[in-house]
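Asks: target02.cif (mmCIF, C-alpha atoms) pasted underneath:
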```
data_protein
#
loop_
_atom_site.label_atom_id
_atom_site.label_comp_id
_atom_site.auth_asym_id
_atom_site.auth_seq_id
_atom_site.Cartn_x
_atom_site.Cartn_y
_atom_site.Cartn_z
CA THR A 25 121.32 82.78 34.70
CA VAL A 26 124.26 80.48 34.08
CA ILE A 27 127.53 82.41 33.86
CA TRP A 28 130.26 80.37 32.20
CA HIS A 29 133.65 81.66 33.23
CA GLY A 30 136.44 81.19 30.74
CA GLY A 31 134.33 81.40 27.58
CA GLN A 32 133.90 77.63 27.49
CA HIS A 33 130.12 77.37 27.23
CA GLY A 34 129.72 74.40 24.95
CA GLY A 35 132.87 72.84 26.38
CA MET A 36 133.41 69.36 27.79
CA GLU A 37 131.12 69.60 30.85
CA ALA A 38 128.46 71.89 29.39
CA GLU A 39 125.76 69.33 28.56
CA TRP A 40 126.25 67.46 31.84
CA ILE A 41 125.82 70.66 33.85
CA GLU A 42 122.83 71.75 31.77
CA ASP A 43 121.20 68.35 32.28
CA LEU A 44 121.81 68.53 36.04
CA ALA A 45 120.14 71.94 36.09
CA ALA A 46 117.20 70.38 34.18
CA GLY A 47 116.55 73.56 32.24
CA GLY A 48 116.18 75.56 35.44
CA PHE A 49 117.78 78.72 34.04
CA ARG A 50 116.64 81.32 31.56
CA ALA A 51 119.90 82.61 30.10
CA ALA A 52 123.52 81.57 29.57
CA VAL A 53 126.39 84.04 29.36
CA ASN A 54 130.08 83.59 28.58
CA ASP A 55 132.21 85.70 30.91
CA SER A 56 135.99 85.60 30.45
CA ASP A 57 136.89 88.31 32.97
CA MET A 58 134.38 87.92 35.86
CA THR A 59 132.44 91.10 35.22
CA THR A 60 128.97 89.62 34.70
CA PHE A 61 126.52 89.62 37.60
CA ALA A 62 122.95 88.39 37.87
CA PRO A 63 120.57 87.53 40.71
CA ARG A 64 120.08 83.79 41.30
CA ALA A 65 123.20 83.02 39.29
CA LEU A 66 124.92 79.70 38.67
CA ILE A 67 128.60 80.38 38.01
CA VAL A 68 130.57 77.64 36.24
CA LEU A 69 134.31 77.82 36.78
CA GLN A 70 135.72 75.73 33.95
CA GLU A 71 139.45 75.93 34.35
CA THR A 72 142.58 73.82 33.93
CA PHE A 73 145.05 72.51 36.49
CA PRO A 74 147.64 75.31 36.13
CA VAL A 75 145.06 78.06 36.67
CA HIS A 76 143.69 76.35 39.78
CA GLY A 77 147.12 76.64 41.36
CA LYS A 78 147.57 80.38 40.76
CA PRO A 79 146.81 82.68 43.73
CA GLU A 80 145.96 85.62 41.46
CA PHE A 81 143.12 83.63 39.89
CA TRP A 82 141.55 82.93 43.28
CA ASN A 83 141.99 86.54 44.40
CA LYS A 84 139.92 87.45 41.36
CA VAL A 85 137.29 84.85 42.29
CA ARG A 86 137.02 86.22 45.83
CA HIS A 87 136.59 89.78 44.56
CA TYR A 88 134.02 88.62 42.00
CA LEU A 89 131.93 86.74 44.55
CA ALA A 90 132.04 89.75 46.91
CA GLY A 91 130.46 91.76 44.08
CA PHE A 92 127.19 89.88 44.53
CA ARG A 93 127.07 90.92 48.19
CA ARG A 94 127.89 94.53 47.31
CA ARG A 95 124.85 94.54 45.01
CA GLY A 96 122.65 93.21 47.78
CA TRP A 97 122.03 89.93 45.99
CA ALA A 98 122.00 86.43 47.39
CA PRO A 99 125.27 84.50 47.08
CA PRO A 100 125.53 82.57 43.81
CA VAL A 101 125.82 78.84 43.32
CA VAL A 102 129.24 77.88 41.93
CA PHE A 103 130.01 74.75 39.94
CA LEU A 104 133.77 74.08 40.09
CA THR A 105 135.19 71.69 37.51
CA SER A 106 138.64 70.21 36.84
CA ASP A 107 140.10 70.25 40.34
CA GLU A 108 141.35 66.66 40.12
CA LEU A 109 144.69 67.64 41.65
CA TYR A 110 143.01 69.43 44.60
CA MET A 111 144.80 72.71 43.94
CA ALA A 112 141.82 75.00 44.53
CA PRO A 113 141.68 76.76 47.94
CA ALA A 114 138.51 76.58 50.01
CA ASP A 115 138.35 79.97 51.73
CA TRP A 116 136.04 81.46 49.07
CA ILE A 117 133.35 78.80 49.47
CA ASP A 118 131.61 80.66 52.31
CA GLN A 119 130.87 83.44 49.81
CA THR A 120 128.64 81.06 47.86
CA LYS A 121 125.16 79.69 48.52
CA LEU A 122 126.42 76.28 47.41
CA THR A 123 129.58 75.04 45.74
CA VAL A 124 129.22 71.96 43.56
CA ARG A 125 132.42 70.10 42.72
CA ASN A 126 132.65 67.40 40.06
CA CYS A 127 135.47 65.89 42.08
CA TRP A 128 134.82 64.69 45.64
CA HIS A 129 137.24 66.25 48.15
CA PRO A 130 137.80 64.32 51.40
CA GLY A 131 138.72 67.52 53.25
CA LEU A 132 135.41 69.15 52.30
CA ASN A 133 133.15 66.16 52.89
CA ASP A 134 131.45 67.77 55.91
CA HIS A 135 131.39 71.34 54.62
CA PRO A 136 127.75 72.53 54.72
CA ARG A 137 128.08 74.46 51.45
CA VAL A 138 129.83 71.81 49.35
CA LEU A 139 128.16 69.15 47.25
CA ALA A 140 130.13 66.60 45.23
CA ALA A 141 128.86 65.47 41.83
CA PRO A 142 130.25 62.82 39.47
CA PHE A 143 132.40 63.92 36.54
CA GLY A 144 129.44 63.18 34.28
CA TYR A 145 129.57 62.60 30.53
CA LYS A 146 131.37 64.70 27.94
CA SER A 147 129.31 67.00 25.75
CA GLY A 148 128.11 65.16 22.66
CA PHE A 149 128.02 61.74 24.32
CA ARG A 150 124.26 61.60 24.71
CA ARG A 151 122.22 61.82 21.54
CA PRO A 152 119.98 64.92 21.25
CA SER A 153 116.94 62.64 21.17
CA ASP A 154 118.01 61.02 24.46
CA ARG A 155 118.54 64.38 26.16
CA SER A 156 115.09 65.59 25.10
CA ARG A 157 113.18 62.58 26.45
CA ALA A 158 111.89 62.89 30.00
CA GLY A 159 112.52 59.73 32.00
CA TRP A 160 115.01 58.36 29.44
CA ARG A 161 116.82 55.19 30.52
CA PRO A 162 119.88 53.53 28.95
CA PRO A 163 119.45 50.34 26.90
CA CYS A 164 119.52 47.26 29.12
CA ASP A 165 119.17 44.37 26.64
CA THR A 166 122.23 42.39 27.65
CA ALA A 167 121.48 39.67 25.09
CA ALA A 168 122.13 42.16 22.30
CA ARG A 169 125.59 43.07 23.56
CA ARG A 170 128.34 41.59 21.39
CA LEU A 171 131.30 42.54 23.61
CA ARG A 172 132.17 41.32 27.06
CA TRP A 173 134.22 44.40 27.96
CA ASN A 174 136.05 47.45 26.65
CA PHE A 175 138.75 49.91 27.56
CA ILE A 176 139.17 53.00 25.41
CA GLY A 177 141.57 55.61 26.70
CA ASN A 178 145.02 56.98 27.44
CA ALA A 179 147.51 54.17 27.91
CA ASN A 180 150.14 56.31 29.62
CA SER A 181 148.44 58.07 32.52
CA SER A 182 148.80 55.53 35.37
CA LEU A 183 150.36 52.28 36.53
CA ALA A 184 146.88 50.76 36.76
CA ARG A 185 146.35 51.26 33.03
CA THR A 186 149.80 49.94 32.15
CA THR A 187 149.09 46.84 34.24
CA LEU A 188 145.74 46.35 32.52
CA ILE A 189 147.31 46.54 29.05
CA GLU A 190 150.09 44.12 29.98
CA SER A 191 147.60 41.67 31.51
CA VAL A 192 145.43 41.69 28.38
CA ALA A 193 148.48 41.06 26.18
CA ALA A 194 149.66 38.22 28.42
CA ALA A 195 146.23 36.59 28.18
CA GLY A 196 146.32 36.54 24.39
CA GLY A 197 144.87 39.92 23.45
CA ALA A 198 141.55 41.71 23.70
CA GLU A 199 139.74 39.88 20.91
CA GLY A 200 140.38 36.48 22.46
CA LEU A 201 138.96 37.79 25.74
CA GLY A 202 135.81 39.05 24.05
CA GLY A 203 136.66 42.71 24.42
CA VAL A 204 137.93 45.86 22.75
CA LEU A 205 141.14 47.62 23.77
CA HIS A 206 141.63 50.95 21.98
CA LEU A 207 144.59 52.95 23.25
CA THR A 208 145.30 56.66 22.93
CA HIS A 209 148.36 58.65 23.96
CA VAL A 210 146.94 61.81 25.54
CA PHE A 211 143.64 62.91 27.02
CA ASP A 212 141.04 63.63 24.33
CA ASP A 213 143.56 62.47 21.71
CA PRO A 214 142.76 64.20 18.38
CA VAL A 215 144.77 61.66 16.35
CA HIS A 216 144.20 58.26 17.94
CA GLY A 217 140.92 58.88 19.73
CA MET A 218 137.58 57.48 18.59
CA ARG A 219 134.82 59.71 17.33
CA ILE A 220 132.32 60.16 20.12
CA GLY A 221 129.52 58.32 18.30
CA GLU A 222 131.74 55.29 17.70
CA TYR A 223 132.92 55.41 21.32
CA ARG A 224 129.34 55.47 22.58
CA SER A 225 128.44 52.52 20.32
CA VAL A 226 131.26 50.42 21.78
CA LEU A 227 130.07 51.15 25.32
CA GLU A 228 126.48 50.30 24.36
CA ALA A 229 127.70 46.98 22.93
CA SER A 230 129.71 46.04 26.05
CA ASP A 231 128.63 44.22 29.19
CA PHE A 232 131.42 45.89 31.15
CA THR A 233 133.48 49.08 30.73
CA LEU A 234 136.87 49.00 32.46
CA CYS A 235 137.56 52.28 34.29
CA PRO A 236 141.07 52.06 35.79
CA GLU A 237 142.36 55.23 37.37
CA GLY A 238 144.25 57.68 35.21
CA VAL A 239 145.29 61.17 36.32
CA HIS A 240 142.46 60.77 38.84
CA VAL A 241 140.62 57.72 40.13
CA GLU A 242 137.35 59.01 38.63
CA SER A 243 136.80 59.70 34.93
CA TYR A 244 134.05 60.66 32.50
CA ARG A 245 134.12 57.02 31.41
CA ILE A 246 132.23 55.89 34.55
CA SER A 247 129.18 58.09 33.94
CA GLU A 248 129.31 57.40 30.21
CA ALA A 249 129.24 53.65 30.82
CA LEU A 250 126.19 54.04 33.04
CA GLU A 251 124.49 56.19 30.40
CA ALA A 252 125.18 53.44 27.85
CA GLY A 253 123.88 50.66 30.10
CA SER A 254 127.35 49.13 30.51
CA VAL A 255 128.61 48.20 33.99
CA PRO A 256 131.68 50.29 34.92
CA ILE A 257 134.47 48.42 36.70
CA VAL A 258 136.30 50.99 38.84
CA SER A 259 139.50 50.98 40.85
CA CYS A 260 139.02 49.87 44.46
CA ASP A 261 139.35 53.20 46.20
CA SER A 262 137.64 54.91 49.15
CA TYR A 263 137.02 57.90 46.87
CA PHE A 264 133.89 56.21 45.56
CA ASP A 265 132.60 55.65 49.11
CA GLY A 266 132.92 59.39 49.63
CA LEU A 267 131.28 60.31 46.34
CA PHE A 268 128.43 57.78 46.27
CA GLY A 269 128.26 56.49 49.85
CA PRO A 270 129.68 53.29 51.36
CA ASP A 271 126.87 51.13 49.94
CA HIS A 272 127.43 52.14 46.31
CA PRO A 273 127.05 49.25 43.82
CA LEU A 274 130.04 49.98 41.56
CA PRO A 275 132.20 46.84 41.25
CA CYS A 276 135.98 47.09 41.45
#
```
Would you mind writing the structure in this file as structure tokens?
Replies:
Amino acid sequence: TVIWHGGQHGGMEAEWIEDLAAGGFRAAVNDSDMTTFAPRALIVLQETFPVHGKPEFWNKVRHYLAGFRRRGWAPPVVFLTSDELYMAPADWIDQTKLTVRNCWHPGLNDHPRVLAAPFGYKSGFRRPSDRSRAGWRPPCDTAARRLRWNFIGNANSSLARTTLIESVAAAGGAEGLGGVLHLTHVFDDPVHGMRIGEYRSVLEASDFTLCPEGVHVESYRISEALEAGSVPIVSCDSYFDGLFGPDHPLPC
């Protein structure tokens, strides 16, 4: 049973987590107050930065996880999302069978019960037909790609992105460089953001997808580029050595 804490089943990470689980669960339950228990549970903690920093939230998590032991059940697997600012404590992890984080933590790299996973793709990015096909692979026909590169995202979240935008302007603009530069003003911008189908089409049409750091050095954009068959260009940072291993092929 997958227990989604926070009532966000169907939220941004839902399809990524479901695809990782490969259909290995029989039921999904929304649980906003940590009162749902089940043997062999996968608990998804989908929270936001402010909640991760509140001691009362983690006291509730500790009490909730202890409830599995009180029932005589095996510890659950926990999938922790949205800890990009590393505000979550670690003392509750020993109450789990395994804790999966979609944000690699250098201080937990050697913890025997912690596994780091990429951010993954946002729900709705992959077409339903793609998600239903076993062994699906992204399109790799580079001759059919009409764009050299793209960057679609928040222009204001880091110096790296500001530098990218200024460099493109100084070189004569995105079109002259064979690319697309589409800027938004906030994360998941409801006004200036692209519709997800249009966004996916741009990535599928691009040789390279630029993935400069924003709030965090990793982003959904990296996994989405790979799903679209576009090569992600990431920031040069040891984070990716920790997440993927020192021999990872991501260019920076």
Asks: Apply the PyMOL selection byres ((chain A and resi 251) around 12) to the displayed file and report the matching residues as a PyMOL selection string.
Replies: chain A and resi 40+144-146+149-151+154-155+160-164+224-225+227-228+233+244-250+252-256
Asks: Under the PyMOL selection byres ((chain A and resi 122) around 9), which residues of this model are included? Write them out as number ranges by chain.
Replies: A: 99-103, 117-121, 123-124, 136-139
Asks: Would you list the contacts of A:Arg170 as a list in words, taking every protein, DNA or RNA residue within 12 Å and counting only C-alpha atoms, but skipping same-chain residues closer than 3 positions in sequence?
Replies: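 Contacts, in chain order: Asp165, Thr166, Ala167, Trp173, Asn174, Glu199, Gly202, Gly203, Val204, Ser225, Val226, Leu227, Glu228, Ala229, Ser230, Asp231, Phe232 and Ser254 of chain A.
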Asks: Name every residue that the PyMOL selection byres ((chain A and resi 93) around 12) selects in this structure, writing the answer as a PyMOL selection string with chains first and numbers rising.
Replies: chain A and resi 61-63+86-92+94-100+118-121
Asks: Between atom CA of A:Trp128 and atom CA of A:Ala140, measure the distance and give it in Å to one decimal.
Replies: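 Between atom CA of A:Trp128 and atom CA of A:Ala140 the gap works out to 5.1 Å.
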Asks: What is the distance, in Å and to one decimal place, between atom CA of A:Tyr110 and atom CA of A:Asn178?
Replies: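 Spanning atom CA of A:Tyr110 to atom CA of A:Asn178 is a straight-line distance of 21.3 Å.
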Asks: For A:Ile189, work out the shell of residues within 8 Å, counting all atoms listed in the file and skipping chain neighbours fewer than 4 positions away, then give it as a PyMOL selection string.
Replies: chain A and resi 179+185+193
Asks: Print the selection's residues with C-alpha atoms to a file, as a PDB file, keeping the file's coordinate frame.
Replies:
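File written: again-v4.pdb
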```pdb
ATOM      1  CA  ALA A 179     147.510  54.170  27.910  1.00  0.00           C
ATOM      2  CA  ARG A 185     146.350  51.260  33.030  1.00  0.00           C
ATOM      3  CA  ALA A 193     148.480  41.060  26.180  1.00  0.00           C
TER       4      ALA A 193
END
```
Asks: Taking only C-alpha atoms into account, which of A:His29, A:Leu109, A:Ser153, A:Phe49 comes nearest A:Phe81?
Replies: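 Going through A:His29, A:Leu109, A:Ser153, A:Phe49 one by one, the smallest distance to A:Phe81 is for A:His29.
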Asks: Which residue out of A:Asp213, A:Glu190, A:Glu222, A:Glu37 has the minimum interatomic distance to A:Thr105 when only C-alpha atoms are used?
Replies: A:Glu37
Asks: With N, CA and C atoms as the goal, would you fill in the gaps in stretch 136-149 of chain A and present it as a PDB file, in the frame of the given file?
Replies:
```
ATOM      1  N   PRO A 136     129.191  72.384  54.969  1.00  0.00           N
ATOM      2  CA  PRO A 136     127.750  72.530  54.720  1.00  0.00           C
ATOM      3  C   PRO A 136     127.400  73.161  53.381  1.00  0.00           C
ATOM      4  N   ARG A 137     128.371  73.793  52.722  1.00  0.00           N
ATOM      5  CA  ARG A 137     128.080  74.460  51.450  1.00  0.00           C
ATOM      6  C   ARG A 137     128.733  73.761  50.262  1.00  0.00           C
ATOM      7  N   VAL A 138     129.167  72.532  50.436  1.00  0.00           N
ATOM      8  CA  VAL A 138     129.830  71.810  49.350  1.00  0.00           C
ATOM      9  C   VAL A 138     129.050  70.545  49.029  1.00  0.00           C
ATOM     10  N   LEU A 139     128.816  70.352  47.749  1.00  0.00           N
ATOM     11  CA  LEU A 139     128.160  69.150  47.250  1.00  0.00           C
ATOM     12  C   LEU A 139     129.034  68.554  46.155  1.00  0.00           C
ATOM     13  N   ALA A 140     129.335  67.273  46.250  1.00  0.00           N
ATOM     14  CA  ALA A 140     130.130  66.600  45.230  1.00  0.00           C
ATOM     15  C   ALA A 140     129.219  65.965  44.194  1.00  0.00           C
ATOM     16  N   ALA A 141     129.598  66.095  42.924  1.00  0.00           N
ATOM     17  CA  ALA A 141     128.860  65.470  41.830  1.00  0.00           C
ATOM     18  C   ALA A 141     129.829  64.640  41.009  1.00  0.00           C
ATOM     19  N   PRO A 142     129.359  63.586  40.350  1.00  0.00           N
ATOM     20  CA  PRO A 142     130.250  62.820  39.470  1.00  0.00           C
ATOM     21  C   PRO A 142     130.779  63.682  38.329  1.00  0.00           C
ATOM     22  N   PHE A 143     131.852  63.208  37.690  1.00  0.00           N
ATOM     23  CA  PHE A 143     132.400  63.920  36.540  1.00  0.00           C
ATOM     24  C   PHE A 143     131.360  64.090  35.441  1.00  0.00           C
ATOM     25  N   GLY A 144     130.465  63.098  35.318  1.00  0.00           N
ATOM     26  CA  GLY A 144     129.440  63.180  34.280  1.00  0.00           C
ATOM     27  C   GLY A 144     129.974  62.733  32.929  1.00  0.00           C
ATOM     28  N   TYR A 145     129.199  63.001  31.884  1.00  0.00           N
ATOM     29  CA  TYR A 145     129.570  62.600  30.530  1.00  0.00           C
ATOM     30  C   TYR A 145     130.006  63.818  29.737  1.00  0.00           C
ATOM     31  N   LYS A 146     130.886  63.606  28.784  1.00  0.00           N
ATOM     32  CA  LYS A 146     131.370  64.700  27.940  1.00  0.00           C
ATOM     33  C   LYS A 146     130.252  65.165  27.010  1.00  0.00           C
ATOM     34  N   SER A 147     130.298  66.439  26.682  1.00  0.00           N
ATOM     35  CA  SER A 147     129.310  67.000  25.750  1.00  0.00           C
ATOM     36  C   SER A 147     129.371  66.240  24.426  1.00  0.00           C
ATOM     37  N   GLY A 148     128.205  65.900  23.905  1.00  0.00           N
ATOM     38  CA  GLY A 148     128.110  65.160  22.660  1.00  0.00           C
ATOM     39  C   GLY A 148     127.938  63.674  22.854  1.00  0.00           C
ATOM     40  N   PHE A 149     128.125  63.192  24.107  1.00  0.00           N
ATOM     41  CA  PHE A 149     128.020  61.740  24.320  1.00  0.00           C
ATOM     42  C   PHE A 149     126.569  61.275  24.191  1.00  0.00           C
TER      43      PHE A 149
END
```
